[in-house]
Amino acid sequence: MGKARRWWVLVTVSAGLFLISVDMTVLYTALPTLTGDLGADASQKLWIINAYPLVAAGLLLGTGTLGDRVGHKRMFLIGLVLFGIASTVAAFAPSPEVLIAGRAFLAVGAATMMPATLALIRITFEDERERGVAIGIWGTMSIIGTALGPVLGGLLLEQFWWGSVFLVNVPVVLLALVATVFLAPGGAGRPDRPWDPVASLHVMVGLVPLVYAIKEATKPDPAPLHIALALLVSAVGFRAFVRRQRTRTYPLIDFSLFRNRGILVGVLGAALAMFATAGIQLILAQRLQLVIGHTPLGAGLLVGAFALGALPAGIVAGGLAYRVSVRTLIGGGLFVGALGVLITVLLTPGAVPVLGSARSSGWVVPGLLLAGAGLGATMSAASAAIIGGAPPHRAGMASSVEEVSYELGSLTGVAVLGSVLTAVYTRTVALPDNTPAAAADSLDEARATAGRLPATEAQPLLDAAKSAFDNGYTVTLALAAAVLAAGSLFTYRYLARTPAPSTDEQTGATEQTGSTA
């Protein structure tokens with residue numbers, strides 16, 4: 001394959017990954033608007049956000065091995081078609097329930113496409129250095145798409161209705177379909193490889209009640225019995241999955257992959273990077289609109305500073321992945337990300353009362369740039385560690401493992417940090433006397449309640465609600481920084497005594513491990 005064609009293949013599959021990543025976060029700035037238009041309550045809002053990563057994470061392992069069976073080009077094309085149809089359904093959803101279903105359908109298309117994108121890169125780029133750069137660009141597109149989602153959502157809402165954030169996917173899907181047909185390498189796959197949809201069902205049985213338990217545990221009046229039952233069902237689902245995989249000739253996931261420390265740290269790094277990225281962007285976008293009063297576009301542009309830091313750092317890290325240790329790139333990237341998140345919360349006007357509030361919202365930009373740089377580098381290095389450490393016949397499986405780590409990171413970031421935000425809000429809000437109890441559920445409810453009150457009563461309510469939201473904002477960002485710092489420390493300690501990888505190990509085969517920095 002000619003050099004120019006190889007890079008056009010990269011552009012095509014990166015466009016697909018960009019769409020997938022954008023749709024993870026595009027609703028962050030659109031959420032206040034569509035909540036009002038569709039009448040979604042607090043629980044429905046969280047499921048509108050979480051339906052996408054939840055379904056994608058449950059299906060990804062199965063679609064990766066299915067790609068090994070039917071061919072990765074075919075899987076990518078099928079995924080594009082499903083994604084385009086689901087985007088149209090979501091764009092014209094008349095109710096929260098239909099939108100949740102549309103988001104779940106989008107995740108089916110995304111899960112079909114995602115493993116194929118990385119597998120096609122591995123097939124297309126045979127030179128290890130070119131492949132390292134290509135994987136770096138691919139990994140960067142994931143975090144760039146995630147970071148630019150709020151910007152795109154805000155930009156579209158300036159001119160169109162909220163459904164436009166989904167409809168914009170359709171022309172990109174059509175262009176990618178044409179390019180894939182003519183550019184991407186074919187291949188019939190291996191028809192002898194079985195597909196195991198039952199295992200994907202086990203994953204879903206494990207994930208759905210786990211997310212429910214997290215959200216229930218952070219309610220003001222949680223139901224312990226419900227939480228216990230949900231955790232029990234989740235444990236049964238995950239245990240059934242593990243037992244099934246260990247007895248299959250062709251498992252969806254070969255747990256021996258994680259004996260390679262580089263792969264294990266890569267999975268952890270990718271998950272933690274997405275945990276922080278998704279959770280922080282959602283919470284910051286909400287604060288900028290609901291507390292500060294920015295438009296969706298204004299909030300999206302500020303949050304988009306994250307992408308400006310991620311793009312160059314991700315590309316550089318991809319190019320260095322075969323010369324610098326996994327330990328240095330992932331451990332250092334997580335540490336820089338933690339530092340950036342901490343700076344962001346300290347410089348946010350009004351979020352930390354002792355530091356005052358006489359600053360503009362633009363003060364969050366330096367912290368976001370630094371966080372983006374650290375997490376962008378982490379994700380590129382994680383991609384190289386996972387794909388470079390897997391044997392060629394496990395390319396589809398390794399791609400799925402990586403994408404599952406992204407989706408689980410995003411899912412847990414929104415579920416955990418969003419739930420912590422809500423818990424802190426409900427426990428610290430001091431409502432004025434005679435205020436309806438619904439205002440204690442969320443800042444959205446408080447704003448809606450204030451809109452029905454006289455100005456003299458509305459302002460004290462809004463002040464109390466915004467103060468409580470800022471309490472939650474500070475706690476959740478500090479928690480995210482602590483999680484990233486813990487991940488960095490684990491990476492440095494876990495890989496401290498691992499020998500440096502040889503060139504042969506990095507490029508093919510079965511071992512890629514980090515060395516001491």
# chains A, B, ... in the order shown; residues from 1 in each chain; ligands from 1
>>> closest_atom_pairs(of="stretch 362-461 of chain A", to="stretch 32-52 of chain A", cutoff="9 Å", atoms="only C-alpha atoms", output="JSON lines")
{"residue": "A:Glu407", "atom": "CA", "partner": "A:Tyr52", "partner_atom": "CA", "distance": 8.7}
{"residue": "A:Ser410", "atom": "CA", "partner": "A:Asn50", "partner_atom": "CA", "distance": 8.6}
{"residue": "A:Leu411", "atom": "CA", "partner": "A:Asn50", "partner_atom": "CA", "distance": 6.2}
{"residue": "A:Val414", "atom": "CA", "partner": "A:Asn50", "partner_atom": "CA", "distance": 7.3}
{"residue": "A:Ala415", "atom": "CA", "partner": "A:Asn50", "partner_atom": "CA", "distance": 7.5}
{"residue": "A:Gly418", "atom": "CA", "partner": "A:Leu46", "partner_atom": "CA", "distance": 8.3}
{"residue": "A:Asp441", "atom": "CA", "partner": "A:Ala42", "partner_atom": "CA", "distance": 8.0}
{"residue": "A:Ser442", "atom": "CA", "partner": "A:Ala42", "partner_atom": "CA", "distance": 7.5}
{"residue": "A:Asp444", "atom": "CA", "partner": "A:Pro32", "partner_atom": "CA", "distance": 7.8}
{"residue": "A:Glu445", "atom": "CA", "partner": "A:Ala42", "partner_atom": "CA", "distance": 8.5}
>>> select_by_dssp(residues="stretch 217-340 of chain A", states="helix (DSSP H, G or I)", output="PyMOL selection string")
chain A and resi 217+224-247+255-259+261-292+296-303+305-320+326-340
>>> write_last_selection(atoms="C-alpha atoms", output="tab-separated table (two decimals), in the first residue's frame")
chain	number	residue	atom	x	y	z
A	217	ALA	CA	-25.70	5.17	47.18
A	224	PRO	CA	-29.48	-0.13	51.40
A	225	LEU	CA	-31.42	-3.20	50.30
A	226	HIS	CA	-31.60	-1.97	46.70
A	227	ILE	CA	-27.86	-1.22	46.72
A	228	ALA	CA	-27.01	-4.65	48.13
A	229	LEU	CA	-29.21	-6.46	45.60
A	230	ALA	CA	-27.77	-4.44	42.72
A	231	LEU	CA	-24.20	-5.21	43.79
A	232	LEU	CA	-25.08	-8.88	44.16
A	233	VAL	CA	-26.51	-9.05	40.64
A	234	SER	CA	-23.47	-7.17	39.33
A	235	ALA	CA	-21.08	-9.61	41.01
A	236	VAL	CA	-23.01	-12.58	39.57
A	237	GLY	CA	-22.81	-11.09	36.07
A	238	PHE	CA	-19.08	-10.41	36.21
A	239	ARG	CA	-18.33	-13.78	37.78
A	240	ALA	CA	-20.30	-15.56	35.07
A	241	PHE	CA	-18.32	-13.63	32.44
A	242	VAL	CA	-14.94	-14.55	33.93
A	243	ARG	CA	-15.86	-18.22	34.34
A	244	ARG	CA	-17.13	-18.43	30.76
A	245	GLN	CA	-14.00	-16.82	29.31
A	246	ARG	CA	-11.70	-19.22	31.12
A	247	THR	CA	-13.44	-22.24	29.59
A	255	PHE	CA	-6.76	-12.73	30.72
A	256	SER	CA	-3.17	-13.81	30.07
A	257	LEU	CA	-2.79	-10.50	28.20
A	258	PHE	CA	-2.68	-8.76	31.58
A	259	ARG	CA	0.44	-10.66	32.57
A	261	ARG	CA	2.62	-5.23	32.72
A	262	GLY	CA	2.73	-2.71	29.90
A	263	ILE	CA	-0.75	-3.76	28.71
A	264	LEU	CA	-2.15	-3.71	32.24
A	265	VAL	CA	-0.78	-0.23	32.92
A	266	GLY	CA	-1.99	0.92	29.49
A	267	VAL	CA	-5.53	-0.20	30.30
A	268	LEU	CA	-5.38	1.52	33.69
A	269	GLY	CA	-3.95	4.72	32.19
A	270	ALA	CA	-6.58	4.93	29.45
A	271	ALA	CA	-9.41	4.32	31.94
A	272	LEU	CA	-8.16	6.91	34.44
A	273	ALA	CA	-7.60	9.50	31.70
A	274	MET	CA	-11.18	9.11	30.48
A	275	PHE	CA	-12.51	8.99	34.05
A	276	ALA	CA	-11.10	12.45	34.68
A	277	THR	CA	-11.83	13.86	31.21
A	278	ALA	CA	-15.51	12.89	31.07
A	279	GLY	CA	-16.35	13.72	34.68
A	280	ILE	CA	-14.55	17.05	34.78
A	281	GLN	CA	-15.90	18.28	31.45
A	282	LEU	CA	-19.48	17.47	32.41
A	283	ILE	CA	-19.22	19.19	35.78
A	284	LEU	CA	-17.29	22.22	34.53
A	285	ALA	CA	-19.66	22.75	31.59
A	286	GLN	CA	-22.65	22.65	33.96
A	287	ARG	CA	-21.02	25.10	36.36
A	288	LEU	CA	-20.10	27.58	33.65
A	289	GLN	CA	-23.71	27.66	32.42
A	290	LEU	CA	-25.77	27.23	35.58
A	291	VAL	CA	-23.62	29.12	38.09
A	292	ILE	CA	-21.70	31.68	36.03
A	296	PRO	CA	-23.50	26.88	25.78
A	297	LEU	CA	-20.95	28.13	23.24
A	298	GLY	CA	-19.06	30.19	25.81
A	299	ALA	CA	-18.92	27.23	28.19
A	300	GLY	CA	-17.88	24.90	25.39
A	301	LEU	CA	-15.03	27.15	24.28
A	302	LEU	CA	-13.60	27.35	27.78
A	303	VAL	CA	-13.87	23.59	28.29
A	305	ALA	CA	-9.00	24.47	26.20
A	306	PHE	CA	-8.50	20.89	27.30
A	307	ALA	CA	-8.23	19.85	23.64
A	308	LEU	CA	-5.57	22.47	22.90
A	309	GLY	CA	-3.34	20.87	25.49
A	310	ALA	CA	-4.16	17.30	24.45
A	311	LEU	CA	-3.46	17.55	20.71
A	312	PRO	CA	0.29	18.32	20.64
A	313	ALA	CA	1.04	16.25	23.73
A	314	GLY	CA	-0.76	13.21	22.34
A	315	ILE	CA	1.06	13.33	19.01
A	316	VAL	CA	4.45	13.80	20.69
A	317	ALA	CA	3.78	10.94	23.10
A	318	GLY	CA	2.78	8.67	20.21
A	319	GLY	CA	6.06	9.40	18.47
A	320	LEU	CA	8.03	8.72	21.66
A	326	VAL	CA	5.65	3.13	29.41
A	327	ARG	CA	6.41	4.01	33.02
A	328	THR	CA	7.61	7.50	32.13
A	329	LEU	CA	4.90	8.37	29.60
A	330	ILE	CA	1.84	7.04	31.46
A	331	GLY	CA	3.05	7.70	35.01
A	332	GLY	CA	4.22	11.18	34.09
A	333	GLY	CA	1.10	11.93	32.05
A	334	LEU	CA	-1.21	11.00	34.92
A	335	PHE	CA	0.80	13.15	37.32
A	336	VAL	CA	0.69	16.16	34.99
A	337	GLY	CA	-3.05	15.58	34.52
A	338	ALA	CA	-3.58	15.54	38.29
A	339	LEU	CA	-1.62	18.76	38.65
A	340	GLY	CA	-3.67	20.40	35.90
>>> closest_residue(among="A:Ala450, A:Val424, A:Ala478, A:Ala398", to="A:Val345", atoms="only C-alpha atoms")
A:Ala478
>>> closest_residue(among="A:Ala147, A:Leu477, A:Leu252, A:Ala86", to="A:Leu369", atoms="only C-alpha atoms")
A:Ala147
>>> closest_residue(among="A:Leu183, A:Leu342, A:Leu59, A:Leu461", to="A:Ala4", atoms="only C-alpha atoms")
A:Leu183
>>> closest_residue(among="A:Ile253, A:Met24, A:Ala57, A:Val483", to="A:Gly206", atoms="only C-alpha atoms")
A:Ala57
>>> atom_distance(atom1="atom CA of A:Ala438", atom2="atom CA of A:Asp463")
15.9 Å
>>> residues_around(residues="A:Ile343", least_positions_apart="4", cutoff="8 Å", atoms="only C-alpha atoms", output="list of chain:residue names")
A:Leu339, A:Leu347, A:Val364, A:Pro366, A:Gly367
>>> residues_around(residues="A:Leu120", least_positions_apart="5", cutoff="8 Å", atoms="only C-alpha atoms", output="VMD selection string")
chain A and resid 13 72 to 73 184 to 185
>>> write_last_selection(atoms="N, CA, C and O atoms", output="PDB file, in the first residue's frame")
ATOM      1  N   VAL A  13     -10.352   6.367   9.408  1.00  0.00           N
ATOM      2  CA  VAL A  13     -10.723   5.698  10.660  1.00  0.00           C
ATOM      3  C   VAL A  13     -10.693   6.672  11.828  1.00  0.00           C
ATOM      4  O   VAL A  13     -11.476   6.542  12.786  1.00  0.00           O
ATOM      5  N   HIS A  72     -12.316  -6.614   9.670  1.00  0.00           N
ATOM      6  CA  HIS A  72     -12.436  -5.319  10.344  1.00  0.00           C
ATOM      7  C   HIS A  72     -12.995  -4.228   9.438  1.00  0.00           C
ATOM      8  O   HIS A  72     -13.691  -3.321   9.903  1.00  0.00           O
ATOM      9  N   LYS A  73     -12.718  -4.292   8.146  1.00  0.00           N
ATOM     10  CA  LYS A  73     -13.286  -3.307   7.230  1.00  0.00           C
ATOM     11  C   LYS A  73     -14.805  -3.424   7.208  1.00  0.00           C
ATOM     12  O   LYS A  73     -15.526  -2.414   7.247  1.00  0.00           O
ATOM     13  N   ALA A 184      -9.657   1.594   2.528  1.00  0.00           N
ATOM     14  CA  ALA A 184      -9.266   0.682   3.605  1.00  0.00           C
ATOM     15  C   ALA A 184      -8.930  -0.705   3.073  1.00  0.00           C
ATOM     16  O   ALA A 184      -9.569  -1.182   2.124  1.00  0.00           O
ATOM     17  N   PRO A 185      -7.928  -1.363   3.652  1.00  0.00           N
ATOM     18  CA  PRO A 185      -7.602  -2.728   3.238  1.00  0.00           C
ATOM     19  C   PRO A 185      -8.726  -3.681   3.594  1.00  0.00           C
ATOM     20  O   PRO A 185      -9.352  -3.556   4.649  1.00  0.00           O
TER      21      PRO A 185
END
>>> atom_distance(atom1="atom CA of A:Val404", atom2="atom CA of A:Val9")
23.0 Å
>>> residues_around(residues="stretch 163-167 of chain A", least_positions_apart="6", cutoff="9 Å", atoms="only C-alpha atoms", output="list in words")
Asp23, Val26, Leu27, Ala30, Leu34, Gly84, Ala86, Ser87, Thr88, Val89, Ala90, Ala91, Phe92, Ala93, Leu152, Gly153, Gly154, Leu156 and Leu157 of chain A
>>> residues_around(residues="A:Thr435", least_positions_apart="2", cutoff="9 Å", atoms="only C-alpha atoms", output="list in words")
Leu431, Pro432, Asp433, Ala437, Ala438, Ala439, Thr449, Glu457 and Leu461 of chain A
